[in-house]
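*Asks:* Sharing structure36.pdb (PDB, C-alpha atoms) below.
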ATOM      1  CA  GLY D   1     -69.142  12.193 -28.158
ATOM      2  CA  ASP D   2     -67.257  11.418 -31.342
ATOM      3  CA  VAL D   3     -65.998  14.981 -31.676
ATOM      4  CA  LEU D   4     -63.462  15.935 -29.024
ATOM      5  CA  SER D   5     -63.285  19.474 -27.757
ATOM      6  CA  SER D   6     -60.093  21.164 -28.924
ATOM      7  CA  GLN D   7     -60.050  22.946 -25.587
ATOM      8  CA  THR D   8     -60.156  19.587 -23.769
ATOM      9  CA  ILE D   9     -57.210  18.310 -25.795
ATOM     10  CA  ASN D  10     -55.258  21.534 -25.313
ATOM     11  CA  ASN D  11     -55.856  21.415 -21.567
ATOM     12  CA  LEU D  12     -54.572  17.842 -21.397
ATOM     13  CA  ILE D  13     -51.471  18.759 -23.402
ATOM     14  CA  GLU D  14     -50.779  21.809 -21.233
ATOM     15  CA  ASN D  15     -51.048  19.712 -18.070
ATOM     16  CA  VAL D  16     -48.606  17.136 -19.426
ATOM     17  CA  GLU D  17     -46.137  19.767 -20.636
ATOM     18  CA  ALA D  18     -46.224  21.506 -17.261
ATOM     19  CA  GLU D  19     -45.613  18.205 -15.471
ATOM     20  CA  ILE D  20     -42.787  16.991 -17.698
ATOM     21  CA  GLY D  21     -41.239  20.214 -18.968
ATOM     22  CA  GLY D  22     -41.338  22.234 -15.779
ATOM     23  CA  GLY D  23     -41.829  25.451 -17.746
ATOM     24  CA  ARG D  24     -38.569  25.109 -19.682
ATOM     25  CA  LYS D  25     -38.590  26.659 -23.138
ATOM     26  CA  TYR D  26     -36.079  24.171 -24.535
ATOM     27  CA  LEU D  27     -36.473  20.471 -23.869
ATOM     28  CA  THR D  28     -33.735  17.912 -24.400
ATOM     29  CA  GLN D  29     -34.684  15.124 -26.773
ATOM     30  CA  ALA D  30     -34.903  12.636 -23.889
ATOM     31  CA  VAL D  31     -37.328  14.930 -22.060
ATOM     32  CA  GLN D  32     -39.277  15.394 -25.299
ATOM     33  CA  VAL D  33     -39.645  11.619 -25.581
ATOM     34  CA  GLY D  34     -40.965  11.521 -22.023
ATOM     35  CA  LEU D  35     -43.419  14.298 -22.827
ATOM     36  CA  GLU D  36     -44.725  12.592 -25.963
ATOM     37  CA  LEU D  37     -44.978   9.240 -24.159
ATOM     38  CA  LYS D  38     -47.014  10.838 -21.384
ATOM     39  CA  LYS D  39     -49.327  12.427 -23.950
ATOM     40  CA  TYR D  40     -49.784   9.130 -25.794
ATOM     41  CA  GLN D  41     -50.539   7.222 -22.596
ATOM     42  CA  LEU D  42     -52.965   9.898 -21.428
ATOM     43  CA  PHE D  43     -54.810  10.054 -24.760
ATOM     44  CA  THR D  44     -54.998   6.253 -24.903
ATOM     45  CA  LYS D  45     -56.638   6.248 -21.476
ATOM     46  CA  GLU D  46     -58.953   9.182 -22.154
ATOM     47  CA  PHE D  47     -60.009   8.540 -25.760
ATOM     48  CA  GLY D  48     -59.032   4.938 -26.538
ATOM     49  CA  ALA D  49     -56.291   3.500 -28.736
ATOM     50  CA  ASP D  50     -58.380   3.768 -31.933
ATOM     51  CA  ASP D  51     -59.111   7.489 -31.683
ATOM     52  CA  ASN D  52     -57.406   9.612 -34.329
ATOM     53  CA  THR D  53     -56.121  12.005 -31.636
ATOM     54  CA  THR D  54     -54.411   9.088 -29.884
ATOM     55  CA  ILE D  55     -52.951   7.768 -33.122
ATOM     56  CA  GLU D  56     -51.526  11.190 -33.993
ATOM     57  CA  ALA D  57     -50.034  11.447 -30.499
ATOM     58  CA  GLY D  58     -48.465   8.045 -31.080
ATOM     59  CA  VAL D  59     -46.927   9.263 -34.339
ATOM     60  CA  GLN D  60     -45.434  12.253 -32.518
ATOM     61  CA  LEU D  61     -43.981   9.845 -29.938
ATOM     62  CA  ALA D  62     -42.473   7.720 -32.716
ATOM     63  CA  LEU D  63     -40.861  10.769 -34.310
ATOM     64  CA  ALA D  64     -39.453  11.830 -30.926
ATOM     65  CA  LEU D  65     -37.984   8.351 -30.458
ATOM     66  CA  TRP D  66     -36.462   8.518 -33.940
ATOM     67  CA  LYS D  67     -34.893  11.897 -33.228
ATOM     68  CA  GLU D  68     -33.297  10.329 -30.158
ATOM     69  CA  PHE D  69     -31.912   7.604 -32.466
ATOM     70  CA  ARG D  70     -34.277   4.945 -31.113
ATOM     71  CA  THR D  71     -35.328   3.926 -34.608
ATOM     72  CA  ILE D  72     -36.392   0.362 -33.871
ATOM     73  CA  GLU D  73     -38.858   1.470 -31.198
ATOM     74  CA  ALA D  74     -40.152   4.161 -33.553
ATOM     75  CA  GLU D  75     -40.713   1.714 -36.410
ATOM     76  CA  ARG D  76     -42.416  -0.868 -34.201
ATOM     77  CA  LEU D  77     -44.809   1.775 -32.891
ATOM     78  CA  LEU D  78     -45.541   3.217 -36.332
ATOM     79  CA  THR D  79     -46.270  -0.249 -37.739
ATOM     80  CA  LYS D  80     -48.914  -0.722 -35.045
ATOM     81  CA  LEU D  81     -50.368   2.769 -35.510
ATOM     82  CA  ILE D  82     -50.628   2.442 -39.288
ATOM     83  CA  ALA D  83     -52.440  -0.904 -38.986
ATOM     84  CA  THR D  84     -54.866   0.554 -36.443
ATOM     85  CA  SER D  85     -55.538   3.711 -38.443
ATOM     86  CA  ARG D  86     -56.116   1.792 -41.677
ATOM     87  CA  ARG D  87     -58.522  -0.588 -39.941
ATOM     88  CA  VAL D  88     -60.499   2.062 -38.049
ATOM     89  CA  HIS D  89     -60.272   5.213 -40.179
ATOM     90  CA  GLY D  90     -59.280   3.994 -43.641
ATOM     91  CA  GLN D  91     -56.315   4.433 -45.962
ATOM     92  CA  GLY D  92     -57.211   7.995 -46.958
ATOM     93  CA  HIS D  93     -57.750   9.437 -43.481
ATOM     94  CA  ASP D  94     -55.452  12.264 -42.405
ATOM     95  CA  CYS D  95     -54.060  10.346 -39.423
ATOM     96  CA  THR D  96     -53.299   7.314 -41.615
ATOM     97  CA  ILE D  97     -51.487   9.509 -44.129
ATOM     98  CA  PHE D  98     -49.599  11.213 -41.279
ATOM     99  CA  ALA D  99     -48.474   7.856 -39.854
ATOM    100  CA  ILE D 100     -47.387   6.537 -43.247
ATOM    101  CA  SER D 101     -45.470   9.742 -43.965
ATOM    102  CA  ALA D 102     -43.664   9.397 -40.644
ATOM    103  CA  MET D 103     -42.800   5.770 -41.412
ATOM    104  CA  GLN D 104     -41.302   6.769 -44.748
ATOM    105  CA  ARG D 105     -38.943   9.153 -42.928
ATOM    106  CA  VAL D 106     -38.068   6.750 -40.126
ATOM    107  CA  HIS D 107     -37.585   3.711 -42.361
ATOM    108  CA  GLU D 108     -34.999   5.363 -44.616
ATOM    109  CA  ARG D 109     -31.541   3.905 -43.962
ATOM    110  CA  ARG D 110     -29.183   6.887 -44.234
ATOM    111  CA  VAL D 111     -25.490   6.309 -44.819
ATOM    112  CA  PHE D 112     -22.263   8.135 -45.586
ATOM    113  CA  LEU D 113     -19.645   7.026 -48.085
ATOM    114  CA  LYS D 114     -16.017   6.314 -47.344
ATOM    115  CA  LYS D 115     -13.289   7.002 -49.902
ATOM    116  CA  ASP D 116      -9.576   6.476 -49.351
ATOM    117  CA  GLY D 117     -10.265   5.821 -45.700
ATOM    118  CA  GLU D 118     -12.071   9.158 -45.195
ATOM    119  CA  ILE D 119     -15.781   9.457 -44.431
ATOM    120  CA  ASN D 120     -17.566  12.219 -46.332
ATOM    121  CA  GLU D 121     -20.300  13.492 -44.005
ATOM    122  CA  ASP D 122     -21.138  16.407 -46.280
ATOM    123  CA  GLN D 123     -23.273  14.160 -48.469
ATOM    124  CA  VAL D 124     -25.886  11.691 -47.269
ATOM    125  CA  TYR D 125     -27.055   8.608 -49.143
ATOM    126  CA  ARG D 126     -29.808   6.020 -48.793
ATOM    127  CA  ALA D 127     -28.831   2.357 -48.413
ATOM    128  CA  VAL D 128     -31.259   0.168 -50.363
ATOM    129  CA  ARG D 129     -30.090  -3.452 -49.979
ATOM    130  CA  TYR D 130     -27.067  -5.713 -49.815
ATOM    131  CA  THR D 131     -25.778  -7.776 -52.723
ATOM    132  CA  ALA D 132     -23.014 -10.373 -53.167
ATOM    133  CA  ASP D 133     -23.917 -12.136 -49.907
ATOM    134  CA  GLY D 134     -23.715  -8.905 -47.968
ATOM    135  CA  GLU D 135     -20.308  -7.845 -49.238
ATOM    136  CA  LYS D 136     -21.690  -5.027 -51.382
ATOM    137  CA  CYS D 137     -24.447  -2.476 -50.914
ATOM    138  CA  ILE D 138     -26.770  -0.653 -53.308
ATOM    139  CA  VAL D 139     -27.028   3.044 -52.396
ATOM    140  CA  GLN D 140     -28.924   6.030 -53.757
ATOM    141  CA  GLY D 141     -28.129   9.683 -53.484
ATOM    142  CA  PRO D 142     -26.972  12.125 -52.537
ATOM    143  CA  ILE D 143     -30.071  13.004 -50.521
ATOM    144  CA  PRO D 144     -30.782  16.717 -49.917
ATOM    145  CA  LYS D 145     -29.541  17.638 -46.463
ATOM    146  CA  VAL D 146     -32.921  19.056 -45.405
ATOM    147  CA  VAL D 147     -34.410  15.577 -45.803
ATOM    148  CA  TYR D 148     -31.579  13.989 -43.841
ATOM    149  CA  ASP D 149     -31.664  16.318 -40.837
ATOM    150  CA  PRO D 150     -33.198  14.151 -38.044
ATOM    151  CA  ARG D 151     -34.190  17.274 -36.099
ATOM    152  CA  SER D 152     -36.176  18.706 -38.993
ATOM    153  CA  ASN D 153     -39.965  18.346 -39.110
ATOM    154  CA  ARG D 154     -40.131  19.147 -42.801
ATOM    155  CA  SER D 155     -41.572  16.396 -44.945
ATOM    156  CA  ASP D 156     -42.480  18.305 -48.094
ATOM    157  CA  PRO D 157     -41.799  16.109 -51.156
ATOM    158  CA  SER D 158     -40.677  19.241 -52.993
ATOM    159  CA  ASP D 159     -37.502  19.105 -50.895
ATOM    160  CA  ASN D 160     -36.327  16.392 -53.292
ATOM    161  CA  GLU D 161     -37.031  18.308 -56.463
ATOM    162  CA  GLY D 162     -34.041  18.961 -58.644
ATOM    163  CA  ALA D 163     -31.796  16.563 -56.735
ATOM    164  CA  ASP D 164     -29.413  14.532 -58.884
ATOM    165  CA  ILE D 165     -29.978  11.173 -57.200
ATOM    166  CA  ARG D 166     -27.983   8.237 -58.570
ATOM    167  CA  THR D 167     -28.155   4.510 -57.789
ATOM    168  CA  PHE D 168     -24.931   2.527 -57.622
ATOM    169  CA  GLU D 169     -23.157  -0.367 -55.882
ATOM    170  CA  LEU D 170     -20.267  -0.106 -53.417
ATOM    171  CA  GLU D 171     -18.209  -2.407 -51.241
ATOM    172  CA  ARG D 172     -19.965  -2.698 -47.890
ATOM    173  CA  ALA D 173     -16.839  -1.483 -46.091
ATOM    174  CA  ASN D 174     -17.212   1.871 -47.861
ATOM    175  CA  VAL D 175     -20.797   2.399 -46.679
ATOM    176  CA  VAL D 176     -20.957   3.961 -43.198
ATOM    177  CA  THR D 177     -24.194   3.832 -41.209
ATOM    178  CA  SER D 178     -25.654   6.955 -39.650
ATOM    179  CA  LYS D 179     -26.463   7.168 -35.951
ATOM    180  CA  GLY D 180     -29.708   5.403 -35.092
ATOM    181  CA  THR D 181     -29.587   2.913 -37.966
ATOM    182  CA  PRO D 182     -31.078  -0.502 -37.073
ATOM    183  CA  VAL D 183     -28.374  -3.166 -37.372
ATOM    184  CA  VAL D 184     -27.872  -6.867 -36.623
ATOM    185  CA  CYS D 185     -24.694  -8.334 -35.135
ATOM    186  CA  VAL D 186     -22.843 -10.948 -37.200
ATOM    187  CA  GLY D 187     -19.548 -12.835 -36.967
ATOM    188  CA  LEU D 188     -18.793 -12.032 -33.337
ATOM    189  CA  GLN D 189     -16.246 -14.540 -32.020
ATOM    190  CA  LYS D 190     -16.274 -13.828 -28.287
ATOM    191  CA  ALA D 191     -19.816 -12.599 -27.709
ATOM    192  CA  THR D 192     -21.388 -15.200 -29.979
ATOM    193  CA  HIS D 193     -24.697 -14.952 -28.092
ATOM    194  CA  LEU D 194     -25.148 -11.509 -29.640
ATOM    195  CA  ASN D 195     -24.990 -12.728 -33.239
ATOM    196  CA  GLY D 196     -28.424 -12.257 -34.784
ATOM    197  CA  LYS D 197     -29.451  -9.676 -32.180
ATOM    198  CA  ILE D 198     -30.723  -6.365 -33.523
ATOM    199  CA  GLY D 199     -30.243  -2.900 -32.109
ATOM    200  CA  ASP D 200     -29.748   0.759 -32.952
ATOM    201  CA  ARG D 201     -26.271   1.889 -33.971
ATOM    202  CA  ARG D 202     -25.277   4.722 -31.667
ATOM    203  CA  ASP D 203     -22.045   6.625 -30.934
ATOM    204  CA  TYR D 204     -18.621   5.963 -32.438
ATOM    205  CA  ASP D 205     -15.621   5.381 -30.185
ATOM    206  CA  GLU D 206     -12.561   6.775 -31.962
ATOM    207  CA  ASP D 207     -10.153   5.054 -29.558
ATOM    208  CA  THR D 208     -11.428   1.555 -30.352
ATOM    209  CA  GLY D 209     -12.865   2.095 -33.842
ATOM    210  CA  ARG D 210     -16.134   0.556 -32.642
ATOM    211  CA  TYR D 211     -19.755   1.625 -32.576
ATOM    212  CA  ALA D 212     -22.096   1.292 -29.616
ATOM    213  CA  ILE D 213     -25.054  -0.973 -30.310
ATOM    214  CA  HIS D 214     -28.140  -0.563 -28.106
ATOM    215  CA  PHE D 215     -30.165  -3.743 -28.429
ATOM    216  CA  GLU D 216     -33.904  -4.018 -28.833
ATOM    217  CA  ASP D 217     -33.842  -6.715 -26.173
ATOM    218  CA  GLY D 218     -33.686  -4.597 -23.035
ATOM    219  CA  LYS D 219     -32.068  -7.438 -21.110
ATOM    220  CA  LEU D 220     -28.922  -7.059 -23.197
ATOM    221  CA  LYS D 221     -26.437  -4.355 -22.257
ATOM    222  CA  PRO D 222     -25.084  -2.059 -25.003
ATOM    223  CA  VAL D 223     -21.800  -3.224 -26.516
ATOM    224  CA  LYS D 224     -19.166  -1.707 -28.780
ATOM    225  CA  VAL D 225     -18.833  -3.507 -32.099
ATOM    226  CA  LYS D 226     -16.530  -3.172 -35.103
ATOM    227  CA  PRO D 227     -18.330  -2.131 -38.300
ATOM    228  CA  GLU D 228     -17.482  -5.453 -39.966
ATOM    229  CA  ASN D 229     -19.509  -7.207 -37.269
ATOM    230  CA  PHE D 230     -22.884  -5.666 -37.968
ATOM    231  CA  ARG D 231     -25.174  -5.248 -40.961
ATOM    232  CA  ILE D 232     -27.996  -2.844 -41.700
ATOM    233  CA  VAL D 233     -31.491  -4.199 -41.012
ATOM    234  CA  PHE D 234     -33.554  -2.933 -43.924
ATOM    235  CA  ASP D 235     -36.903  -4.322 -42.765
ATOM    236  CA  LEU D 236     -37.828  -5.032 -39.162
TER     237      LEU D 236
END
Please express the file's structure as structure tokens.

*Replies:*
Amino acid sequence: GDVLSSQTINNLIENVEAEIGGGRKYLTQAVQVGLELKKYQLFTKEFGADDNTTIEAGVQLALALWKEFRTIEAERLLTKLIATSRRVHGQGHDCTIFAISAMQRVHERRVFLKKDGEINEDQVYRAVRYTADGEKCIVQGPIPKVVYDPRSNRSDPSDNEGADIRTFELERANVVTSKGTPVVCVGLQKATHLNGKIGDRRDYDEDTGRYAIHFEDGKLKPVKVKPENFRIVFDL
């Protein structure tokens, strides 16, 4: 029927959690991604891709990917889910609103500011766009820390109330991407084949002053790149 038994759904979830989690109370983020992927695949098979239960499971998978700093995968999935939910259930349906809310969180490009060579990680900002041919960046903030925290599930708009958020322009070199930010490689002299390739910015290597880039193209191995050789991708 059109109405799914909550007990049926709960039984499916419990079976998946038992298979993936092995009874552990705390799951690493990688295991959580595996759990959410299994749920999404199972619901797609059982209920179809258009079912609201499947769409909501897909949103949970996207958020798990985002929390593991796999932002590009998360955004690609959410784009598909939002289009499906709008087409099948309508703009005002709960699952559509849920997917759009998740996209708003995932799509935000969070950055830190550098001053006198020091990065201030106590305050988080939102990068909006580049200006001056990419040499400068418009940023907004500071953003309340509760909104920044990638492990938080809070999405209450009231979290922003009372925040003194300013908009201003900085030299690009003084805007530092946060882990998981989608970026594109530019100006590479040796690995020129990577110029124009997009990936998620991952860990920083203090010894080399480079950041690991994990490319969307799975055929490409991760590489370490200087910050001057990548730019934020604002829209995928």

*Asks:* Any chance you could resolve the PyMOL selection byres ((chain D and resi 224-236) around 8) against this file and give the residues as a list of chain:residue names?

*Replies:*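 What the PyMOL selection byres ((chain D and resi 224-236) around 8) grabs from the file is D:Ile72, D:Glu75, D:Arg76, D:His107, D:Arg109, D:Val128, D:Arg129, D:Ala173, D:Thr177, D:Thr181, D:Pro182, D:Val183, D:Val184, D:Cys185, D:Val186, D:Gly187, D:Leu188, D:Ile198, D:Gly209, D:Arg210, D:Tyr211, D:Ala212, D:Ile213, D:Pro222, D:Val223.
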
*Asks:* May I ask which of the residues D:Thr28, D:Ser178, D:Asn52, D:Thr79 is the closest one to Phe112 (chain D), counting all atoms listed in the file?

*Replies:*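 Among the listed residues, the smallest separation from Phe112 (chain D) belongs to D:Ser178.
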
*Asks:* Could you tell me how far CA of Thr71 (chain D) sits from CA of Asp94 (chain D), in Å to one decimal place?

*Replies:* 23.1 Å

*Asks:* Would you kindly return, as a PyMOL selection string, each protein, DNA or RNA residue with an atom no farther than 8 Å from any atom of Glu171 (chain D), considering only C-alpha atoms and excluding same-chain residues fewer than 3 positions away?

*Replies:* chain D and resi 135-137+174-175

*Asks:* Is it possible to get the axis-aligned box enclosing region 42-52 of chain D (all listed atoms, 3 Å extra per side) as AutoDock Vina command-line options, with centre and edge lengths in Å rounded to one decimal?

*Replies:*
--center_x -56.5 --center_y 6.8 --center_z -27.9 --size_x 13.0 --size_y 12.6 --size_z 18.9

*Asks:* What do you get, as a ChimeraX atom specification, if you spell out every residue that the PyMOL selection byres ((chain D and resi 53-56) around 10) selects here?

*Replies:* /D:4,9,39-52,57-62,78,80-82,84-85,94-96,98-99

*Asks:* Using only C-alpha atoms, which residues sit within 12 Å of Gly218 (chain D) once same-chain residues fewer than 6 positions away are excluded, as a list in words?

*Replies:* Glu73, Lys197, Ile198, Gly199 and Asp200 of chain D

*Asks:* Run the PyMOL selection byres ((chain D and resi 165) around 7) mentally over the shown coordinates, then write out the matched residues as a ChimeraX atom specification, using the chain letters and numbers from the document.

*Replies:* /D:140-143,163-164,166-167

*Asks:* Between D:Leu63, D:Val176, D:Leu35, D:Leu194, single out the one closest to Arg105 (chain D), counting only C-alpha atoms.

*Replies:*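 Closest to Arg105 (chain D) of all the choices is D:Leu63.
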
*Asks:* Rounded to one decimal place, report the CA of Leu170 (chain D)-CA of Leu113 (chain D) distance in Å.

*Replies:*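 Here the two named atoms are 8.9 Å from each other.
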
*Asks:* For Asp122 (chain D), which of D:Pro144, D:His93, D:Leu65, D:Val33 is the closest residue, counting all atoms listed in the file?

*Replies:* D:Pro144

*Asks:* What is the CA of Lys38 (chain D)-CA of Ala74 (chain D) distance in Å, reported with one decimal?

*Replies:* 15.5 Å

*Asks:* Taking (-32.2, 14.5, -31.8) in the coordinates of the supplied file, I want to know which residues reach to within 9 Å of it, counting all atoms listed in the file; could you give the answer as a list in words?

*Replies:*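 Protein, DNA and RNA residues close to (-32.2, 14.5, -31.8): Thr28, Gln29, Ala30, Ala64, Leu65, Trp66, Lys67, Glu68, Phe69, Pro150 and Arg151 of chain D.
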
*Asks:* Looking at D:Arg172, D:Lys219, D:Lys190, D:Arg87, which one is nearest to Tyr130 (chain D), with distances taken over only C-alpha atoms?

*Replies:*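 The answer is D:Arg172, which sits nearest to Tyr130 (chain D).
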